[in-house]
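Trainee: Below is the structure I would like to discuss, written out as structure tokens.
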Amino acid sequence: MKTGYLAPISTGRPSVPLVEEIRRLKEARRAVILAHNYQIPEIQDVADYVGDSLGLSQQAAKTQADVIVFCGVHFMAETAKILSPNKIVVLPDRDAGCSLEQSCPADKLAALQRTNPNFYTIAYINCSAEVKALSDVICTSGNAVKIVRHAPPERDLLFVPDENLGAWVMEQTGRPMTLWKGNCYVHVEWTHAAITRIRNEYPGAPLVAHPECTRAVRMLADEVCSTEKMVGYCKASPAPAFIIATEAGMLHRLRRECPGKTFIPAPTDRCACNECRYMKMNTLEKLHDCLLNLSPRVELSDELIAHGRAPIERMLQLSAMD
Ligand code: 13P
Ligand code: SF4
């Protein structure tokens, strides 16, 4: 798929603070900066839009910018490229992966699909473009329940690659599904014991957990939802303090959107490992460099874009329905 050519831009002003230089380059490139809720605070603060995977893909589908700078992980930037194939899509660090994406190689999925022609494959957006291309519909944590409720009743549902999100969706919908055995290496660190301890310490604070957490943690939660819905829940709740079981970058967004409220990061048992090492690969310096050099770029074949697009568009259509 061809992308436009933009002439190199020299910064020429090395003493200008990095954030100002990023803003100047962004204007010069006619770029939009999209950032996931787990990005470092400095990136969230310079972004045009900060949100969850669903919001980010909606933004990528409708932006008028020439260049999409995707501050998140690789599968998110790939999704943006599939939705806006004629735009240049860059990301600060090409190696920003995801343990869920890695858990589901396309050839293994294809082999499983061959065992049952009646499978209807629902892929969580945290997967490669190749896996998306093999799927019937995509979902995010923000719309997975809705997507499964709309799945054809006569088909056998196969949900990939997050077994925890899949199990939560089964609980919500009552629809049985075959679950791929993948998980998020960050969200499975929270345990029932560690969460129980922090709940005893802050007895009035609701526990808000991401559906990638294990069932043992989800069953303790007052609210299980996507990162974007966490903002809405905490804004609407009269509680002054919340325990948050998701990646640490979320706390910046919550503190910015809910001033005066207290957000307590849920502790893990073994380590302070509530940071996604992939999300944290992106830095302001790398963001600056990718705007300057328009690299690293996401490039996908026309065939992959064509096959990956239909299941993502199906998701966006279903998401827009009441
Ligand atoms: P959200 O879509 O809820 O932001 O989740 C993305 C993600 O990677 C969670 O680990
Ligand atoms: Fe993937 Fe987990 Fe990082 Fe989200 S937090 S991008 S699911 S590894």
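Chain labels run A, B, ... following the order of the structure tokens; each chain numbers its residues from 1, and ligands are numbered from 1 in the order shown.
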Could you go through stretch 59-262 of chain A and tell me which residues DSSP, when run on the backbone, assigns to helix (DSSP H, G or I), listing them as a VMD selection string?
Mentor: chain A and resid 59 to 62 74 to 83 99 to 102 106 to 114 129 to 133 144 to 149 163 to 173 187 to 189 192 to 201 215 to 218 227 to 236 250 to 257
Trainee: Chain A near ligand 1 within 9 Å: what's each residue's closest atom pair and its distance in Å to one decimal, counting only C-alpha atoms and all ligand atoms, ordered by chain then ascending residue number, as a Markdown table?
Mentor:
| residue | atom | partner | partner_atom_place_in_ligand_line | distance |
| --- | --- | --- | --- | --- |
| A:His36 | CA | ligand 1 | 4 (O) | 6.7 |
| A:Asn37 | CA | ligand 1 | 4 (O) | 6.4 |
| A:Tyr38 | CA | ligand 1 | 4 (O) | 7.7 |
| A:Gly51 | CA | ligand 1 | 4 (O) | 6.7 |
| A:Asp52 | CA | ligand 1 | 4 (O) | 3.5 |
| A:Ser53 | CA | ligand 1 | 2 (O) | 3.8 |
| A:Leu54 | CA | ligand 1 | 2 (O) | 6.0 |
| A:Gly55 | CA | ligand 1 | 2 (O) | 8.1 |
| A:Leu56 | CA | ligand 1 | 2 (O) | 8.7 |
| A:Gly72 | CA | ligand 1 | 8 (O) | 8.7 |
| A:Val73 | CA | ligand 1 | 8 (O) | 8.2 |
| A:Met76 | CA | ligand 1 | 8 (O) | 9.0 |
| A:Cys98 | CA | ligand 1 | 8 (O) | 7.7 |
| A:Leu100 | CA | ligand 1 | 8 (O) | 8.6 |
| A:Ile125 | CA | ligand 1 | 2 (O) | 8.1 |
| A:Asn126 | CA | ligand 1 | 8 (O) | 6.5 |
| A:Thr140 | CA | ligand 1 | 2 (O) | 5.5 |
| A:Ser141 | CA | ligand 1 | 3 (O) | 5.0 |
| A:Gly142 | CA | ligand 1 | 3 (O) | 6.1 |
| A:Cys184 | CA | ligand 1 | 10 (O) | 6.6 |
| A:Val186 | CA | ligand 1 | 10 (O) | 7.6 |
| A:His187 | CA | ligand 1 | 10 (O) | 7.1 |
| A:His210 | CA | ligand 1 | 3 (O) | 6.8 |
| A:Pro211 | CA | ligand 1 | 3 (O) | 8.1 |
| A:Glu212 | CA | ligand 1 | 10 (O) | 6.7 |
| A:Cys225 | CA | ligand 1 | 3 (O) | 7.0 |
| A:Ser226 | CA | ligand 1 | 3 (O) | 3.5 |
| A:Thr227 | CA | ligand 1 | 3 (O) | 4.1 |
| A:Glu228 | CA | ligand 1 | 4 (O) | 6.4 |
| A:Lys229 | CA | ligand 1 | 3 (O) | 7.9 |
| A:Met230 | CA | ligand 1 | 3 (O) | 8.7 |
| A:Thr246 | CA | ligand 1 | 10 (O) | 7.4 |
| A:Glu247 | CA | ligand 1 | 10 (O) | 7.0 |
| A:Met250 | CA | ligand 1 | 4 (O) | 9.0 |
| A:Cys276 | CA | ligand 1 | 10 (O) | 8.1 |
| A:Met279 | CA | ligand 1 | 8 (O) | 8.7 |
Trainee: Please give the complete set of residues from stretch 53-139 of chain A that DSSP, run on the backbone, assigns to strand (DSSP E), formatted as a ChimeraX atom specification.
Mentor: /A:67-71,88-90,119-124,137-139
Trainee: Using only C-alpha atoms and all ligand atoms, pick whichever of A:Pro206, A:Pro41, A:Gly97, A:Pro152 has the shortest atom-to-atom distance to ligand 2.
Mentor: A:Gly97
Trainee: Can you pull out every residue within 6 Å of A:Leu91, counting only C-alpha atoms, but drop anything in the same chain fewer than 3 positions away, and send it as a PyMOL selection string?
Mentor: chain A and resi 69-71
Trainee: Those residues you just picked out, can you put them in a file as a PDB file, in the first residue's frame with N, CA, C and O atoms?
Mentor:
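Dumped everything to part.pdb:
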ATOM      1  N   VAL A  69       0.534   9.401  14.379  1.00  0.00           N
ATOM      2  CA  VAL A  69       1.628   8.988  15.270  1.00  0.00           C
ATOM      3  C   VAL A  69       0.968   8.203  16.396  1.00  0.00           C
ATOM      4  O   VAL A  69       0.195   8.757  17.183  1.00  0.00           O
ATOM      5  N   PHE A  70       1.242   6.902  16.426  1.00  0.00           N
ATOM      6  CA  PHE A  70       0.509   6.060  17.367  1.00  0.00           C
ATOM      7  C   PHE A  70       1.388   5.734  18.572  1.00  0.00           C
ATOM      8  O   PHE A  70       2.343   4.960  18.479  1.00  0.00           O
ATOM      9  N   CYS A  71       1.057   6.346  19.698  1.00  0.00           N
ATOM     10  CA  CYS A  71       1.799   6.087  20.937  1.00  0.00           C
ATOM     11  C   CYS A  71       1.030   5.023  21.710  1.00  0.00           C
ATOM     12  O   CYS A  71       0.098   5.321  22.472  1.00  0.00           O
TER      13      CYS A  71
END
